[in-house]
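Report on the structure given below.
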Amino acid sequence: MMFSDEMAGGDSIRKTKLYEMIRAYVRGVARIVRQGQKAGEIRSDVPSDAIAMLFVSIIQPAAVLWHLSDGQFDIARHAKRTWRLFHDAIVSG
């Protein structure tokens with residue numbers, strides 16, 4: 001995700017807070033991934049944090065594009081096109 005200084009703020013406190021929020025989100029996704037790995041549903045040969053970052057990299061830019069386009073970006077179409085690819089990349093067996 002790209003941030004301008006205006007959006008992320010030149011303020012180091014704001015940047016740190018945003019950084020920690022995103023990291024917490026990724027850690028939460030990674031926890032869910034690890035549960036799937038333990039259940040044998042998600043590939044265990046790929047680190048959970050890598051799968052979490054891949055997930056976030058699919059979702060976040062689409063959300064930004066949707067927001068910046070005032071809803072013109074077809075986020076549902078994006079989800080349909082990318083979800084199968086993501087699923088097939090992480091599913092076990």
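By order in the structure tokens, chains are A, B, ...; within a chain, residues start at 1; ligands start at 1, following the order shown.
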Could you list, as a PyMOL selection string, every residue within 10 Å of A:Gly93, counting only C-alpha atoms and ignoring same-chain residues fewer than 6 positions away? chain A and resi 40-43
Tell me which protein, DNA and RNA residues are within 12 Å of A:Trp66, counting only C-alpha atoms, leaving out same-chain ones fewer than 6 positions away, and put them as a PyMOL selection string. chain A and resi 59-60+72-79
With N, CA and C atoms kept, could you save the residues just selected as a CSV table (one decimal), in the first residue's frame?
```csv
chain,number,residue,atom,x,y,z
A,59,ILE,N,-6.3,-7.9,-0.5
A,59,ILE,CA,-7.4,-7.1,0.1
A,59,ILE,C,-7.1,-5.6,0.1
A,60,GLN,N,-6.0,-5.2,0.7
A,60,GLN,CA,-5.8,-3.8,1.0
A,60,GLN,C,-5.7,-2.9,-0.2
A,72,GLN,N,-16.2,3.3,-7.6
A,72,GLN,CA,-16.3,2.8,-9.0
A,72,GLN,C,-15.5,1.6,-9.3
A,73,PHE,N,-14.4,1.4,-8.5
A,73,PHE,CA,-13.6,0.1,-8.6
A,73,PHE,C,-14.5,-1.0,-8.2
A,74,ASP,N,-14.6,-2.0,-9.1
A,74,ASP,CA,-15.4,-3.2,-8.8
A,74,ASP,C,-14.7,-4.2,-7.9
A,75,ILE,N,-14.9,-3.9,-6.6
A,75,ILE,CA,-14.2,-4.8,-5.6
A,75,ILE,C,-14.8,-6.2,-5.6
A,76,ALA,N,-16.1,-6.4,-5.9
A,76,ALA,CA,-16.6,-7.7,-5.9
A,76,ALA,C,-16.0,-8.5,-7.1
A,77,ARG,N,-15.9,-7.9,-8.2
A,77,ARG,CA,-15.2,-8.5,-9.4
A,77,ARG,C,-13.8,-8.9,-9.0
A,78,HIS,N,-13.1,-8.0,-8.4
A,78,HIS,CA,-11.7,-8.2,-8.0
A,78,HIS,C,-11.7,-9.5,-7.0
A,79,ALA,N,-12.6,-9.5,-6.1
A,79,ALA,CA,-12.6,-10.6,-5.1
A,79,ALA,C,-12.8,-11.9,-5.8
```
Using only C-alpha atoms, which residues sit within 12 Å of A:Val29 once same-chain residues fewer than 5 positions away are excluded, as a count of residues only? 17
Name the residues of stretch 2-63 of chain A that fall into helix (DSSP H, G or I) according to DSSP on the backbone, using the chain letters and numbers of this document, as a PyMOL selection string. chain A and resi 5-8+12-38+48-63
One decimal, in Å: what's the spacing between atom CA of A:Gly71 and atom CA of A:Ile58? 17.2 Å
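Atom CA of A:Phe86 is found 14.7 Å from atom CA of A:Pro47.
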Work out how far atom CA of A:Pro61 is from atom CA of A:Val91, in Å to one decimal.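 Result for atom CA of A:Val91 versus atom CA of A:Pro61: 22.9 Å, one decimal.
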Contacts of A:Ala39 at 12 Å or less, counting only C-alpha atoms, minus same-chain residues fewer than 6 places along, as a PyMOL selection string? chain A and resi 32-33+91-92
